[in-house]
$ cat model.tsv   # TSV, C-alpha atoms and all ligand atoms
chain	number	residue	atom	x	y	z
A	212	MET	CA	0.18	-15.68	4.98
A	213	SER	CA	-1.27	-13.02	7.26
A	214	LYS	CA	-2.85	-10.01	5.61
A	215	ILE	CA	-1.38	-6.51	5.68
A	216	PRO	CA	-3.40	-4.32	8.07
A	217	VAL	CA	-4.87	-1.17	6.54
A	218	ILE	CA	-5.13	1.54	9.21
A	219	VAL	CA	-7.39	4.39	8.09
A	220	LEU	CA	-6.85	7.70	9.87
A	221	LEU	CA	-10.04	9.75	9.68
A	222	GLY	CA	-10.55	13.30	10.89
A	223	PRO	CA	-10.93	16.82	9.56
A	224	PRO	CA	-8.06	18.63	7.88
A	225	GLY	CA	-5.67	19.73	10.61
A	226	SER	CA	-6.62	16.93	12.97
A	227	GLY	CA	-3.04	15.64	12.75
A	228	LYS	CA	-3.56	12.71	10.37
A	229	GLY	CA	-0.39	13.46	8.40
A	230	THR	CA	1.75	14.05	11.48
A	231	GLN	CA	0.48	10.94	13.24
A	232	ALA	CA	0.74	8.77	10.12
A	233	LYS	CA	4.37	9.84	9.71
A	234	GLU	CA	4.96	9.11	13.40
A	235	LEU	CA	3.51	5.59	13.02
A	236	GLN	CA	5.65	5.03	9.93
A	237	ASP	CA	8.81	6.23	11.70
A	238	SER	CA	8.26	4.17	14.83
A	239	HIS	CA	7.29	0.91	13.07
A	240	PRO	CA	9.66	-0.38	10.39
A	241	GLY	CA	7.58	-1.72	7.50
A	242	TRP	CA	4.62	0.57	8.09
A	243	VAL	CA	3.98	2.80	5.08
A	244	HIS	CA	2.19	6.15	5.14
A	245	VAL	CA	-0.03	6.76	2.09
A	246	SER	CA	-1.42	10.28	1.63
A	247	THR	CA	-3.47	11.12	-1.45
A	248	GLY	CA	-2.92	14.83	-0.65
A	249	ASN	CA	0.88	14.30	-0.81
A	250	LEU	CA	0.46	12.32	-4.06
A	251	PHE	CA	-1.53	15.17	-5.64
A	252	ARG	CA	0.96	17.81	-4.44
A	253	ALA	CA	3.84	15.76	-5.89
A	254	GLU	CA	2.01	15.64	-9.25
A	255	ILE	CA	1.48	19.41	-9.11
A	256	SER	CA	5.18	20.04	-8.34
A	257	SER	CA	6.26	17.77	-11.19
A	258	GLY	CA	4.05	19.70	-13.63
A	259	SER	CA	2.38	16.50	-14.89
A	260	ALA	CA	-0.95	16.57	-16.76
A	261	LEU	CA	-2.62	15.09	-13.67
A	262	GLY	CA	-1.01	17.77	-11.50
A	263	LEU	CA	-2.25	20.54	-13.79
A	264	SER	CA	-5.76	19.10	-13.79
A	265	VAL	CA	-6.03	19.07	-9.96
A	266	LYS	CA	-4.04	22.20	-9.06
A	267	ASP	CA	-6.99	24.61	-8.82
A	268	ILE	CA	-9.16	22.04	-7.04
A	269	LEU	CA	-6.57	21.70	-4.27
A	270	ALA	CA	-6.08	25.47	-4.03
A	271	ARG	CA	-9.83	25.91	-3.47
A	272	GLY	CA	-9.91	23.10	-0.88
A	273	GLU	CA	-12.42	21.11	-2.95
A	274	LEU	CA	-12.32	17.38	-3.57
A	275	VAL	CA	-10.73	15.76	-6.59
A	276	SER	CA	-13.22	13.40	-8.30
A	277	ASP	CA	-13.57	9.88	-6.92
A	278	ASP	CA	-12.57	8.40	-10.29
A	279	VAL	CA	-9.25	10.20	-10.42
A	280	THR	CA	-8.54	9.77	-6.71
A	281	ASN	CA	-9.32	6.05	-6.65
A	282	LYS	CA	-7.01	5.43	-9.64
A	283	VAL	CA	-4.15	7.43	-8.13
A	284	PHE	CA	-4.61	5.72	-4.78
A	285	GLU	CA	-4.81	2.19	-6.16
A	286	SER	CA	-1.80	2.54	-8.41
A	287	GLN	CA	0.27	3.91	-5.52
A	288	VAL	CA	-0.79	1.11	-3.18
A	289	LEU	CA	-0.06	-1.59	-5.78
A	290	LYS	CA	3.33	-0.03	-6.49
A	291	ILE	CA	4.15	-0.06	-2.76
A	292	LEU	CA	2.99	-3.68	-2.36
A	293	ASP	CA	5.03	-4.80	-5.38
A	294	THR	CA	8.26	-3.01	-4.45
A	295	THR	CA	8.43	-2.83	-0.66
A	296	LYS	CA	8.16	-5.18	2.25
A	297	VAL	CA	5.04	-3.79	3.90
A	298	ASP	CA	3.83	-4.69	7.38
A	299	ALA	CA	0.98	-2.15	7.51
A	300	LEU	CA	-0.48	0.66	5.43
A	301	VAL	CA	-1.44	3.89	7.20
A	302	LEU	CA	-3.94	5.83	5.10
A	303	ASP	CA	-4.17	9.59	5.58
A	304	GLY	CA	-6.78	11.59	3.64
A	305	TYR	CA	-8.26	8.55	1.87
A	306	PRO	CA	-11.11	7.65	1.76
A	307	ARG	CA	-12.77	11.09	1.82
A	308	THR	CA	-16.20	10.19	0.38
A	309	ARG	CA	-18.61	7.28	0.64
A	310	GLY	CA	-17.70	6.30	-2.94
A	311	GLN	CA	-14.01	6.10	-2.03
A	312	SER	CA	-14.83	3.97	1.03
A	313	VAL	CA	-16.80	1.56	-1.14
A	314	TYR	CA	-13.90	1.48	-3.61
A	315	LEU	CA	-11.43	0.70	-0.81
A	316	ILE	CA	-13.60	-2.17	0.45
A	317	GLY	CA	-13.67	-3.51	-3.14
A	318	LEU	CA	-9.90	-3.14	-3.46
A	319	VAL	CA	-9.16	-5.13	-0.29
A	320	ALA	CA	-11.60	-7.81	-1.46
A	321	ARG	CA	-9.78	-8.06	-4.83
A	322	GLU	CA	-6.26	-7.71	-3.43
A	323	SER	CA	-5.64	-10.74	-1.24
A	324	ARG	CA	-2.56	-9.22	0.42
A	325	LEU	CA	-4.64	-6.50	2.12
A	326	GLY	CA	-6.67	-6.88	5.31
A	327	ARG	CA	-9.94	-5.24	6.27
A	328	PRO	CA	-9.60	-1.45	6.79
A	329	VAL	CA	-9.36	-0.43	10.45
A	330	PRO	CA	-10.59	3.15	10.93
A	331	VAL	CA	-9.54	5.50	13.75
A	332	GLU	CA	-10.91	9.04	13.92
A	333	LEU	CA	-8.92	11.95	15.36
A	334	LYS	CA	-11.39	14.34	16.96
A	335	VAL	CA	-10.66	18.07	17.00
A	336	SER	CA	-12.85	21.17	17.02
A	337	GLU	CA	-13.16	23.64	14.12
A	338	ALA	CA	-11.51	26.42	16.18
A	339	GLU	CA	-8.53	24.17	16.92
A	340	VAL	CA	-8.21	23.23	13.24
A	341	VAL	CA	-8.14	26.85	12.10
A	342	GLY	CA	-5.49	27.70	14.73
A	343	ARG	CA	-3.35	24.73	13.78
A	344	LEU	CA	-3.47	25.02	10.01
A	345	ALA	CA	-2.82	28.73	9.94
A	346	GLY	CA	0.56	27.96	11.65
A	347	ARG	CA	1.40	24.87	9.59
A	348	TRP	CA	4.61	24.62	7.57
A	349	VAL	CA	5.45	21.72	5.25
A	350	ASN	CA	8.56	20.33	3.59
A	351	PRO	CA	7.41	20.48	-0.05
A	352	ARG	CA	9.77	17.65	-1.01
A	353	THR	CA	8.87	15.04	1.65
A	354	GLY	CA	5.55	16.26	3.02
A	355	ARG	CA	6.89	16.40	6.61
A	356	VAL	CA	4.65	18.73	8.60
A	357	TYR	CA	5.61	21.25	11.30
A	358	HIS	CA	3.68	23.78	13.34
A	359	GLU	CA	5.30	27.04	14.37
A	360	ARG	CA	4.02	26.67	17.94
A	361	LEU	CA	3.05	23.01	18.55
A	362	ASN	CA	5.78	21.21	16.65
A	363	PRO	CA	8.44	23.67	15.42
A	364	PRO	CA	11.55	22.70	13.42
A	365	LYS	CA	14.90	23.17	15.21
A	366	LYS	CA	15.68	26.11	12.90
A	367	ALA	CA	12.74	28.32	11.87
A	368	GLY	CA	11.64	27.73	8.27
A	369	ILE	CA	14.04	24.80	7.65
A	370	CYS	CA	13.30	21.06	7.71
A	371	ASP	CA	15.27	19.09	10.33
A	372	ASP	CA	15.61	16.09	7.99
A	373	ASP	CA	17.14	17.55	4.85
A	374	GLY	CA	17.56	21.33	5.28
A	375	GLN	CA	14.78	22.02	2.74
A	376	MET	CA	13.02	25.41	3.07
A	377	LEU	CA	9.54	24.93	4.51
A	378	ALA	CA	6.48	26.34	2.75
A	379	GLN	CA	2.87	27.13	3.65
A	380	ARG	CA	0.12	25.41	1.70
A	381	SER	CA	-2.12	27.51	-0.53
A	382	ASP	CA	-5.19	25.81	1.00
A	383	ASP	CA	-4.18	26.70	4.57
A	384	LYS	CA	-5.95	30.08	4.48
A	385	PRO	CA	-8.66	30.54	7.16
A	386	ASP	CA	-11.64	30.71	4.74
A	387	VAL	CA	-10.43	27.67	2.77
A	388	ILE	CA	-9.70	25.83	6.04
A	389	ARG	CA	-13.28	26.46	7.21
A	390	SER	CA	-14.76	25.14	3.98
A	391	ARG	CA	-12.50	22.05	4.11
A	392	TYR	CA	-13.64	21.42	7.68
A	393	LYS	CA	-17.29	21.73	6.64
A	394	LEU	CA	-16.69	19.33	3.75
A	395	TYR	CA	-15.30	16.71	6.14
A	396	ILE	CA	-18.31	17.04	8.45
A	397	GLU	CA	-20.65	16.62	5.44
A	398	GLN	CA	-18.84	13.54	4.15
A	399	ARG	CA	-17.97	11.87	7.45
A	400	ASP	CA	-21.00	9.62	8.00
A	401	GLY	CA	-20.91	8.42	4.38
A	402	ILE	CA	-17.20	7.60	4.70
A	403	VAL	CA	-17.84	5.56	7.85
A	404	GLU	CA	-20.86	3.75	6.38
A	405	GLY	CA	-19.00	2.99	3.17
A	406	LEU	CA	-16.19	1.43	5.20
A	407	GLN	CA	-18.77	-0.79	6.90
A	408	ALA	CA	-17.06	0.26	10.11
A	409	GLY	CA	-20.22	0.38	12.22
A	410	ASP	CA	-19.36	0.08	15.87
A	411	ARG	CA	-15.72	-0.76	15.05
A	412	LEU	CA	-14.96	2.92	14.53
A	413	VAL	CA	-12.81	4.23	17.36
A	414	GLY	CA	-12.49	7.95	18.04
A	415	ILE	CA	-9.60	9.45	19.96
A	416	GLN	CA	-9.07	12.94	21.32
A	417	GLY	CA	-6.83	14.67	18.76
A	418	GLU	CA	-6.28	17.84	20.79
A	419	GLY	CA	-3.44	18.37	23.25
A	420	PRO	CA	0.31	17.70	22.94
A	421	LEU	CA	1.29	15.69	19.87
A	422	ASP	CA	3.17	13.04	21.83
A	423	GLN	CA	0.08	12.42	23.99
A	424	VAL	CA	-2.06	11.99	20.85
A	425	SER	CA	0.58	9.55	19.51
A	426	ILE	CA	0.44	7.51	22.72
A	427	ARG	CA	-3.37	7.32	22.54
A	428	LEU	CA	-3.21	6.35	18.88
A	429	GLU	CA	-0.54	3.66	19.39
A	430	LYS	CA	-2.65	2.10	22.12
A	431	VAL	CA	-5.81	2.03	20.02
A	432	VAL	CA	-4.04	0.78	16.89
A	433	GLY	CA	-2.38	-2.02	18.90
A	434	GLU	CA	-5.74	-3.13	20.27
A	435	LEU	CA	-7.50	-2.88	16.91
A	436	GLN	CA	-4.85	-4.95	15.20
A	437	LYS	CA	-5.29	-7.72	17.74
A	438	GLY	CA	-9.02	-7.74	16.97
A	439	ALA	CA	-8.73	-7.35	13.16
A	501	LIG	P1	-4.72	16.72	2.40
A	501	LIG	O1	-3.25	16.90	2.29
A	501	LIG	O2	-5.12	15.32	2.78
A	501	LIG	O3	-5.38	17.77	3.28
A	501	LIG	O4	-5.32	16.94	0.92
A	501	LIG	C1	-5.15	18.16	0.26
A	501	LIG	C2	-6.16	18.28	-0.86
A	501	LIG	O5	-5.94	17.25	-1.82
A	501	LIG	C3	-7.61	18.15	-0.45
A	501	LIG	O6	-8.15	19.37	0.06
A	501	LIG	C4	-8.24	17.76	-1.79
A	501	LIG	O7	-8.30	18.88	-2.66
A	501	LIG	C5	-7.19	16.81	-2.36
A	501	LIG	N1	-7.40	15.44	-1.88
A	501	LIG	C6	-6.57	14.71	-1.07
A	501	LIG	N2	-7.08	13.50	-0.83
A	501	LIG	C7	-8.26	13.44	-1.49
A	501	LIG	C8	-9.26	12.45	-1.61
A	501	LIG	N3	-9.17	11.28	-0.97
A	501	LIG	N4	-10.35	12.73	-2.38
A	501	LIG	C9	-10.47	13.91	-3.03
A	501	LIG	N5	-9.56	14.91	-2.94
A	501	LIG	C10	-8.46	14.68	-2.17

$ encode --input "model.tsv" --output "structure tokens" --more "lines below"
Ligand code: AMP
Amino acid sequence: MSKIPVIVLLGPPGSGKGTQAKELQDSHPGWVHVSTGNLFRAEISSGSALGLSVKDILARGELVSDDVTNKVFESQVLKILDTTKVDALVLDGYPRTRGQSVYLIGLVARESRLGRPVPVELKVSEAEVVGRLAGRWVNPRTGRVYHERLNPPKKAGICDDDGQMLAQRSDDKPDVIRSRYKLYIEQRDGIVEGLQAGDRLVGIQGEGPLDQVSIRLEKVVGELQKGA
């Protein structure tokens, strides 16, 4: 049986990982978007003990510990594998540290259904990130992301899918955005090394119209899958 590809979208906050992961999921039946950020926000909304324990960390734009994140990630992935017919996993926001990369490599070695992680990095500048995130609106129920200028909903403030009121994230304030960007730059090389990606890491230009970024990403992902 062929293994399930694990596509890892890397890039700073605001590089479009969530939007592009959703796009890949929507255009390929059987591809599943996994976002640790969405998982943590769902825990916070539900008022669970885990949600309470990570709420302030997310609001400050800091990282949840590797221990907690790895557990949450693994249990979500196993749940998906056990309950859904999956053709590919698209990871968004995980791994975010070298330790998480090492954990992911261990998980795919233990879990015979999963293939080797295939990383793709979306490249965007800090100035672009600040501009994007300050205009970002999210459906708090589904995690669908809009931008008031680049990718607006049909009706301002309302999600096209389910009519839910859109909200702004507490960590999308310019000073928090800058520190989240810095954190990504600090962690980036460790993440890549931990994934043992070496020269397999492909970077694509993440700036410009969203549909153009999607086309570039589709092309790269198609090629990488052939070589995986
Ligand atoms: P995101 O939606 O991916 O931007 O994640 C939002 C926030 O959730 C991050 O700023 C972190 O506080 C937390 N978070 C999400 N994924 C991770 C991760 N892999 N490791 C640690 N913290 C995470």

$ closest_atom_pairs --input "model.tsv" --of "range 250-361 of chain A" --to "range 383-393 of chain A" --cutoff "6 Å" --atoms "all atoms listed in the file" --output "CSV"
residue,atom,partner,partner_atom,distance
A:Gly272,CA,A:Arg391,CA,5.7
A:Leu344,CA,A:Asp383,CA,5.7
A:Ala345,CA,A:Asp383,CA,5.9

$ closest_atom_pairs --input "model.tsv" --of "chain A" --to "ligand LIG 501 (chain A)" --cutoff "9 Å" --atoms "only C-alpha atoms and all ligand atoms" --output "CSV"
residue,atom,partner,partner_atom,distance
A:Pro223,CA,A:LIG501,O3,8.4
A:Pro224,CA,A:LIG501,O3,5.4
A:Gly225,CA,A:LIG501,O3,7.6
A:Lys228,CA,A:LIG501,O2,8.2
A:Gly229,CA,A:LIG501,O1,7.6
A:Ser246,CA,A:LIG501,O2,6.4
A:Thr247,CA,A:LIG501,N2,4.4
A:Gly248,CA,A:LIG501,O4,3.6
A:Asn249,CA,A:LIG501,O1,5.8
A:Leu250,CA,A:LIG501,C6,8.0
A:Phe251,CA,A:LIG501,O5,6.2
A:Arg252,CA,A:LIG501,O5,7.4
A:Val265,CA,A:LIG501,O7,7.6
A:Lys266,CA,A:LIG501,O7,8.4
A:Asp267,CA,A:LIG501,O7,8.5
A:Ile268,CA,A:LIG501,O7,5.5
A:Leu269,CA,A:LIG501,O7,3.7
A:Ala270,CA,A:LIG501,O7,7.1
A:Arg271,CA,A:LIG501,O7,7.2
A:Gly272,CA,A:LIG501,O6,4.2
A:Glu273,CA,A:LIG501,O7,4.7
A:Leu274,CA,A:LIG501,N5,3.8
A:Val275,CA,A:LIG501,N5,3.9
A:Ser276,CA,A:LIG501,C9,6.0
A:Asp277,CA,A:LIG501,N4,6.3
A:Val279,CA,A:LIG501,C9,8.4
A:Thr280,CA,A:LIG501,N4,5.5
A:Asn281,CA,A:LIG501,N3,7.7
A:Phe284,CA,A:LIG501,N3,8.1
A:Asp303,CA,A:LIG501,O2,6.4
A:Gly304,CA,A:LIG501,O2,4.2
A:Tyr305,CA,A:LIG501,N3,4.0
A:Pro306,CA,A:LIG501,N3,4.9
A:Arg307,CA,A:LIG501,N3,4.6
A:Thr308,CA,A:LIG501,N4,6.9
A:Gln311,CA,A:LIG501,N3,7.2
A:Gly354,CA,A:LIG501,O1,8.9
A:Asp382,CA,A:LIG501,O6,7.1
A:Ile388,CA,A:LIG501,O6,8.9
A:Arg391,CA,A:LIG501,O6,6.5

$ closest_atom_pairs --input "model.tsv" --of "range 327-419 of chain A" --to "range 425-429 of chain A" --cutoff "9 Å" --atoms "all atoms listed in the file" --output "CSV"
residue,atom,partner,partner_atom,distance
A:Val331,CA,A:Leu428,CA,8.2
A:Leu333,CA,A:Leu428,CA,8.7
A:Ile415,CA,A:Arg427,CA,7.1
A:Gln416,CA,A:Arg427,CA,8.1
A:Gly417,CA,A:Arg427,CA,9.0

$ atom_distance --input "model.tsv" --atom1 "CA of Val431 in chain A" --atom2 "CA of Leu318 in chain A"
24.4 Å

$ residues_around --input "model.tsv" --residues "range 289-298 of chain A" --least-positions-apart "2" --cutoff "10 Å" --atoms "all atoms listed in the file" --output "JSON, numbers by chain"
{"A": [213, 214, 215, 216, 217, 239, 240, 241, 242, 243, 245, 284, 285, 286, 287, 300, 322, 324, 325]}

$ atom_distance --input "model.tsv" --atom1 "CA of Gln398 in chain A" --atom2 "CA of Ser336 in chain A"
16.1 Å

$ atom_distance --input "model.tsv" --atom1 "CA of Ser381 in chain A" --atom2 "CA of Trp348 in chain A"
10.9 Å

$ closest_residue --input "model.tsv" --among "A:Leu377, A:Asp372, A:Val283, A:Arg343" --to "Gly262 in chain A" --atoms "all atoms listed in the file"
A:Val283

$ closest_residue --input "model.tsv" --among "A:Ala378, A:Val329, A:Val424, A:Val335" --to "Arg411 in chain A" --atoms "only C-alpha atoms"
A:Val329

$ residues_around --input "model.tsv" --residues "Asp371 in chain A" --least-positions-apart "3" --cutoff "12 Å" --atoms "all atoms listed in the file" --output "PyMOL selection string"
chain A and resi 349-350+353+355-357+362-368+374-377

$ residues_around --input "model.tsv" --residues "Gly409 in chain A" --least-positions-apart "4" --cutoff "12 Å" --atoms "only C-alpha atoms" --output "NGL selection string"
:A and (329-331 or 400-405 or 413)

$ axis_aligned_box --input "model.tsv" --around "range 283-289 of chain A" --padding-each-side "3 Å" --output "JSON"
{"center_x": -2.3, "center_y": 2.9, "center_z": -5.8, "size_x": 11.1, "size_y": 15.0, "size_z": 11.2}

$ closest_residue --input "model.tsv" --among "A:Gln423, A:Ile369, A:Pro328, A:Val288" --to "Leu435 in chain A" --atoms "only C-alpha atoms"
A:Pro328

$ closest_residue --input "model.tsv" --among "A:Gly414, A:Gly433, A:Gly317, A:Gly258" --to "Gly222 in chain A" --atoms "all atoms listed in the file"
A:Gly414
